file entry-v1.cif (mmCIF, C-alpha atoms)
data_my_file
#
loop_
_atom_site.label_atom_id
_atom_site.label_comp_id
_atom_site.auth_asym_id
_atom_site.auth_seq_id
_atom_site.Cartn_x
_atom_site.Cartn_y
_atom_site.Cartn_z
CA MET M 1226 19.17 -2.94 23.48
CA LEU M 1227 18.94 0.31 21.46
CA TYR M 1228 18.86 -1.65 18.20
CA THR M 1229 15.97 -3.79 19.49
CA ILE M 1230 13.99 -0.73 20.57
CA ILE M 1231 14.54 0.93 17.18
CA LYS M 1232 13.51 -2.32 15.46
CA ALA M 1233 10.31 -2.45 17.52
CA LEU M 1234 9.52 1.16 16.59
CA HIS M 1235 10.28 0.37 12.94
CA ILE M 1236 7.77 -2.49 13.01
CA ILE M 1237 5.11 -0.45 14.85
CA PHE M 1238 5.33 2.41 12.37
CA MET M 1239 5.47 -0.02 9.45
CA VAL M 1240 2.12 -1.38 10.63
CA SER M 1241 0.75 2.16 10.98
CA TYR M 1242 2.05 3.12 7.55
CA PHE M 1243 0.53 0.10 5.84
CA ALA M 1244 -2.77 0.63 7.66
CA GLY M 1245 -2.81 4.15 6.23
CA ILE M 1246 -1.93 3.02 2.71
CA PHE M 1247 -4.50 0.19 2.79
CA TYR M 1248 -7.31 2.50 3.87
CA LEU M 1249 -6.25 5.37 1.60
CA VAL M 1250 -6.65 3.39 -1.60
CA ARG M 1251 -9.95 2.04 -0.23
CA ILE M 1252 -11.10 5.67 0.02
CA PHE M 1253 -10.25 6.09 -3.68
CA VAL M 1254 -12.48 3.07 -4.40
CA TYR M 1255 -15.30 4.55 -2.32
CA TYR M 1256 -14.94 7.87 -4.14
CA LYS M 1257 -15.23 6.08 -7.48
CA ASP M 1258 -18.23 4.08 -6.23
CA THR M 1259 -20.19 7.34 -5.99
CA ASP M 1260 -20.34 7.67 -9.81
CA GLU M 1261 -23.87 6.23 -9.90
CA PHE M 1262 -25.25 8.21 -6.95
CA ALA M 1263 -27.65 11.16 -7.10
CA GLU M 1264 -25.84 14.50 -7.48
CA ASP M 1265 -26.43 15.75 -3.91
CA LYS M 1266 -25.33 12.49 -2.33
CA LYS M 1267 -22.36 12.24 -4.73
CA ARG M 1268 -21.19 15.78 -3.92
CA ILE M 1269 -21.41 15.28 -0.15
CA LEU M 1270 -19.67 11.90 -0.18
CA ARG M 1271 -16.92 12.99 -2.57
CA GLU M 1272 -16.22 16.02 -0.42
CA GLN M 1273 -16.01 13.78 2.65
CA TYR M 1274 -13.80 11.18 0.93
CA THR M 1275 -11.44 13.88 -0.30
CA PHE M 1276 -11.25 15.31 3.22
CA MET M 1277 -10.66 11.83 4.70
CA ALA M 1278 -7.96 10.99 2.14
CA ARG M 1279 -6.06 14.21 2.80
CA ARG M 1280 -6.28 13.82 6.59
CA LEU M 1281 -5.27 10.16 6.48
CA TRP M 1282 -2.34 10.98 4.21
CA ASN M 1283 -1.10 13.99 6.18
CA ILE M 1284 -1.76 12.82 9.75
CA ILE M 1285 -1.16 9.06 9.67
CA THR M 1286 0.38 7.69 6.48
CA VAL M 1287 3.19 10.16 5.79
CA PRO M 1288 4.30 10.65 9.42
CA ALA M 1289 4.27 6.87 10.03
CA GLY M 1290 6.22 6.36 6.79
CA ILE M 1291 8.82 8.93 7.79
CA ILE M 1292 9.29 7.44 11.27
CA MET M 1293 9.44 3.93 9.77
CA ALA M 1294 12.13 5.06 7.30
CA VAL M 1295 14.14 6.94 9.93
CA CYS M 1296 14.09 3.89 12.21
CA GLY M 1297 15.19 1.73 9.26
CA LEU M 1298 18.09 4.08 8.54
CA ILE M 1299 19.09 4.11 12.21
CA MET M 1300 19.11 0.29 12.19
CA ILE M 1301 21.41 0.34 9.13
CA PHE M 1302 23.66 2.83 10.93
CA LEU M 1303 23.72 0.66 14.07
CA ASN M 1304 24.23 -2.52 12.05
CA PRO M 1305 26.04 -1.63 8.80
CA GLY M 1306 26.56 -5.35 8.14
CA LEU M 1307 22.97 -5.40 6.84
CA MET M 1308 24.19 -3.71 3.67
CA LYS M 1309 26.37 -6.75 2.91
CA MET M 1310 23.49 -9.23 3.04
CA SER M 1311 21.77 -10.22 -0.20
CA TRP M 1312 18.37 -10.66 1.47
CA PHE M 1313 18.59 -7.06 2.68
CA HIS M 1314 19.26 -5.87 -0.88
CA LEU M 1315 16.14 -7.76 -1.93
CA LYS M 1316 14.16 -6.02 0.80
CA LEU M 1317 15.46 -2.65 -0.37
CA THR M 1318 14.38 -3.52 -3.93
CA PHE M 1319 10.84 -4.17 -2.68
CA LEU M 1320 10.96 -0.89 -0.77
CA ILE M 1321 11.70 0.90 -4.04
CA GLY M 1322 8.47 -0.63 -5.32
CA LEU M 1323 6.74 0.66 -2.19
CA ALA M 1324 8.16 4.14 -2.83
CA VAL M 1325 6.69 4.08 -6.35
CA TYR M 1326 3.31 2.99 -4.94
CA HIS M 1327 3.55 5.70 -2.27
CA TYR M 1328 4.14 8.29 -5.00
CA TRP M 1329 1.11 6.98 -6.96
CA CYS M 1330 -1.04 7.32 -3.82
CA TRP M 1331 0.22 10.85 -3.21
CA LYS M 1332 -0.66 11.85 -6.79
CA LYS M 1333 -4.17 10.40 -6.33
CA VAL M 1334 -4.65 12.37 -3.09
CA LEU M 1335 -3.66 15.55 -4.93
CA LEU M 1336 -5.92 14.61 -7.85
CA LEU M 1337 -8.95 14.13 -5.57
CA LYS M 1338 -8.42 17.62 -4.19
CA ALA M 1339 -8.04 19.09 -7.69
CA LEU M 1340 -11.14 17.29 -8.99
CA ASN M 1341 -13.40 19.38 -6.72
CA GLY M 1342 -15.94 16.57 -6.59
CA ASN M 1343 -15.76 15.70 -10.28
CA THR M 1344 -15.41 12.17 -11.61
CA LEU M 1345 -12.21 10.23 -11.01
CA GLU M 1346 -11.32 8.80 -14.41
CA THR M 1347 -9.52 5.70 -13.14
CA ALA M 1348 -11.68 2.59 -13.62
CA ASN M 1349 -13.17 1.11 -10.46
CA ILE M 1350 -11.62 -2.31 -11.10
CA LYS M 1351 -8.18 -0.71 -11.54
CA LEU M 1352 -8.52 1.05 -8.18
CA ARG M 1353 -9.64 -2.19 -6.53
CA GLN M 1354 -6.65 -4.01 -8.01
CA ALA M 1355 -4.30 -1.18 -7.05
CA ASN M 1356 -5.61 -1.58 -3.51
CA GLU M 1357 -3.89 -4.98 -3.41
CA ILE M 1358 -0.43 -3.75 -4.45
CA ALA M 1359 0.49 -2.74 -0.90
CA THR M 1360 -0.55 -6.22 0.26
CA PHE M 1361 1.79 -7.82 -2.26
CA ILE M 1362 4.67 -5.59 -1.24
CA LEU M 1363 4.00 -6.32 2.43
CA PHE M 1364 4.08 -10.08 1.74
CA LEU M 1365 7.36 -9.75 -0.16
CA VAL M 1366 9.07 -7.64 2.50
CA VAL M 1367 7.89 -9.70 5.47
CA PHE M 1368 8.78 -13.04 3.89
CA THR M 1369 12.19 -11.68 2.88
CA VAL M 1370 12.93 -10.35 6.37
CA ILE M 1371 11.72 -13.50 8.12
CA LEU M 1372 13.37 -15.99 5.75
CA LYS M 1373 16.52 -13.89 5.21
CA SER M 1374 19.07 -15.88 3.17
CA MET M 1375 16.50 -18.64 2.54
CA ALA M 1376 14.55 -16.06 0.51
CA ILE M 1377 17.53 -15.92 -1.85
CA GLU M 1378 18.15 -19.67 -1.79
CA TYR M 1379 14.52 -20.59 -2.50
CA TRP M 1380 13.72 -17.57 -4.65
CA TRP M 1381 11.88 -19.47 -7.37
CA GLN M 1382 9.49 -21.10 -4.88
CA LEU M 1383 8.79 -17.72 -3.31
CA ILE M 1384 8.23 -16.08 -6.70
CA THR M 1385 5.93 -18.93 -7.76
CA GLY M 1386 3.98 -18.69 -4.51
CA PHE M 1387 3.82 -14.92 -4.86
CA PHE M 1388 2.42 -15.12 -8.39
CA VAL M 1389 -0.14 -17.71 -7.31
CA LEU M 1390 -1.15 -15.32 -4.51
CA VAL M 1391 -1.35 -12.39 -6.95
CA VAL M 1392 -3.53 -14.35 -9.38
CA LEU M 1393 -5.83 -15.57 -6.60
CA ILE M 1394 -6.28 -12.10 -5.14
CA MET M 1395 -6.83 -10.48 -8.54
CA MET M 1396 -9.37 -13.16 -9.49
CA THR M 1397 -11.15 -12.63 -6.18
CA VAL M 1398 -11.26 -8.86 -6.76
CA LYS M 1399 -12.70 -9.38 -10.25
CA LEU M 1400 -15.22 -11.93 -8.99
CA VAL M 1401 -16.39 -9.67 -6.15
CA ASN M 1402 -16.63 -6.72 -8.54
CA LYS M 1403 -18.56 -8.83 -11.07
CA ASN M 1404 -21.01 -10.03 -8.40
CA LYS M 1405 -21.41 -6.45 -7.18
CA LYS M 1406 -22.41 -5.30 -10.68
CA LYS M 1407 -25.06 -8.06 -10.92
CA LYS M 1408 -26.79 -6.76 -7.79
#

call {"tool": "encode", "arguments": {"input": "entry-v1.cif", "output": "structure tokens"}}
result
Amino acid sequence: MLYTIIKALHIIFMVSYFAGIFYLVRIFVYYKDTDEFAEDKKRILREQYTFMARRLWNIITVPAGIIMAVCGLIMIFLNPGLMKMSWFHLKLTFLIGLAVYHYWCWKKVLLLKALNGNTLETANIKLRQANEIATFILFLVVFTVILKSMAIEYWWQLITGFFVLVVLIMMTVKLVNKNKKKK
């Protein structure tokens, strides 16, 4: 029973964490979108986006990430057999990728604060594409956890499907961005 409760909490805080990460990078995109605005509007919006990013990071994303990780560690403690399963090692590998993405987001939050309303040098399209990274990681982790050993057995089909998904999403992002520039 305890394991199931911890697992439920792990999933709830995973959803909260990803919601925070998804919206955070969107805020970076919105900040960058202000490049073409009049100075007064740009200053006000950038100040607001910086405030929103810091609050989202400190109040939702990081606490949810910590609780998610603690629940994950408790589940490993309660079920150490997980560490012997190859699918679980694959999940942990994807979580390393998530940790790198988390670090990138943290550095961007700090950068927004340090910019004091100045221009974010990262290209808009790069921010929009970076916004999809968390989606890819979420797909990888969820499919690995649901499929378990089948994720290892059918790895090449999953990788192929994943790359098709990545290409489709990236093409969609570029297409939307291209259409936005035409307007």

call {"tool": "closest_residue", "arguments": {"input": "entry-v1.cif", "among": "M:Val1240, M:Val1398, M:Val1287, M:Leu1340", "to": "M:Tyr1274", "atoms": "all atoms listed in the file"}}
result
M:Leu1340

call {"tool": "resolve_selection", "arguments": {"input": "entry-v1.cif", "expression": "the PyMOL selection byres ((chain M and resi 1313) around 12)", "output": "MDAnalysis selection string"}}
result
chainID M and resid 1297 1301 1304:1312 1314:1320 1365:1377

call {"tool": "closest_residue", "arguments": {"input": "entry-v1.cif", "among": "M:Arg1280, M:Ile1246, M:Val1391, M:Phe1302", "to": "M:Tyr1326", "atoms": "only C-alpha atoms"}}
result
M:Ile1246

call {"tool": "closest_residue", "arguments": {"input": "entry-v1.cif", "among": "M:Ser1241, M:Val1334, M:Lys1257, M:Arg1251", "to": "M:Ile1285", "atoms": "all atoms listed in the file"}}
result
M:Ser1241

call {"tool": "closest_residue", "arguments": {"input": "entry-v1.cif", "among": "M:Ile1237, M:Ile1231, M:Ala1289, M:Ile1350", "to": "M:Thr1397", "atoms": "all atoms listed in the file"}}
result
M:Ile1350

call {"tool": "closest_residue", "arguments": {"input": "entry-v1.cif", "among": "M:Lys1403, M:Val1325, M:Gln1273, M:Ala1244", "to": "M:Thr1259", "atoms": "only C-alpha atoms"}}
result
M:Gln1273

call {"tool": "closest_residue", "arguments": {"input": "entry-v1.cif", "among": "M:Glu1346, M:Leu1234, M:Trp1282, M:Val1295", "to": "M:Tyr1328", "atoms": "all atoms listed in the file"}}
result
M:Trp1282

call {"tool": "residues_around", "arguments": {"input": "entry-v1.cif", "residues": "M:Met1395", "least_positions_apart": "2", "cutoff": "10 Å", "atoms": "only C-alpha atoms", "output": "ChimeraX atom specification"}}
result
/M:1350,1353-1355,1357,1389-1393,1397-1401

call {"tool": "residues_around", "arguments": {"input": "entry-v1.cif", "residues": "M:Glu1264", "least_positions_apart": "6", "cutoff": "12 Å", "atoms": "all atoms listed in the file", "output": "ChimeraX atom specification"}}
result
/M:1270-1271,1342-1344

call {"tool": "atom_distance", "arguments": {"input": "entry-v1.cif", "atom1": "atom CA of M:Trp1329", "atom2": "atom CA of M:Lys1266"}}
result
27.4 Å

call {"tool": "atom_distance", "arguments": {"input": "entry-v1.cif", "atom1": "atom CA of M:Met1277", "atom2": "atom CA of M:Ala1233"}}
result
28.4 Å

call {"tool": "atom_distance", "arguments": {"input": "entry-v1.cif", "atom1": "atom CA of M:Leu1298", "atom2": "atom CA of M:His1235"}}
result
9.7 Å

call {"tool": "resolve_selection", "arguments": {"input": "entry-v1.cif", "expression": "the PyMOL selection byres ((chain M and resi 1335) around 12)", "output": "ChimeraX atom specification"}}
result
/M:1253,1275-1276,1278-1280,1282-1283,1328-1334,1336-1341,1345

call {"tool": "write_last_selection", "arguments": {"input": "entry-v1.cif", "atoms": "C-alpha atoms", "output": "PDB file, in the coordinates of the input"}}
result
ATOM      1  CA  PHE M1253     -10.250   6.090  -3.680  1.00  0.00           C
ATOM      2  CA  THR M1275     -11.440  13.880  -0.300  1.00  0.00           C
ATOM      3  CA  PHE M1276     -11.250  15.310   3.220  1.00  0.00           C
ATOM      4  CA  ALA M1278      -7.960  10.990   2.140  1.00  0.00           C
ATOM      5  CA  ARG M1279      -6.060  14.210   2.800  1.00  0.00           C
ATOM      6  CA  ARG M1280      -6.280  13.820   6.590  1.00  0.00           C
ATOM      7  CA  TRP M1282      -2.340  10.980   4.210  1.00  0.00           C
ATOM      8  CA  ASN M1283      -1.100  13.990   6.180  1.00  0.00           C
ATOM      9  CA  TYR M1328       4.140   8.290  -5.000  1.00  0.00           C
ATOM     10  CA  TRP M1329       1.110   6.980  -6.960  1.00  0.00           C
ATOM     11  CA  CYS M1330      -1.040   7.320  -3.820  1.00  0.00           C
ATOM     12  CA  TRP M1331       0.220  10.850  -3.210  1.00  0.00           C
ATOM     13  CA  LYS M1332      -0.660  11.850  -6.790  1.00  0.00           C
ATOM     14  CA  LYS M1333      -4.170  10.400  -6.330  1.00  0.00           C
ATOM     15  CA  VAL M1334      -4.650  12.370  -3.090  1.00  0.00           C
ATOM     16  CA  LEU M1336      -5.920  14.610  -7.850  1.00  0.00           C
ATOM     17  CA  LEU M1337      -8.950  14.130  -5.570  1.00  0.00           C
ATOM     18  CA  LYS M1338      -8.420  17.620  -4.190  1.00  0.00           C
ATOM     19  CA  ALA M1339      -8.040  19.090  -7.690  1.00  0.00           C
ATOM     20  CA  LEU M1340     -11.140  17.290  -8.990  1.00  0.00           C
ATOM     21  CA  ASN M1341     -13.400  19.380  -6.720  1.00  0.00           C
ATOM     22  CA  LEU M1345     -12.210  10.230 -11.010  1.00  0.00           C
TER      23      LEU M1345
END
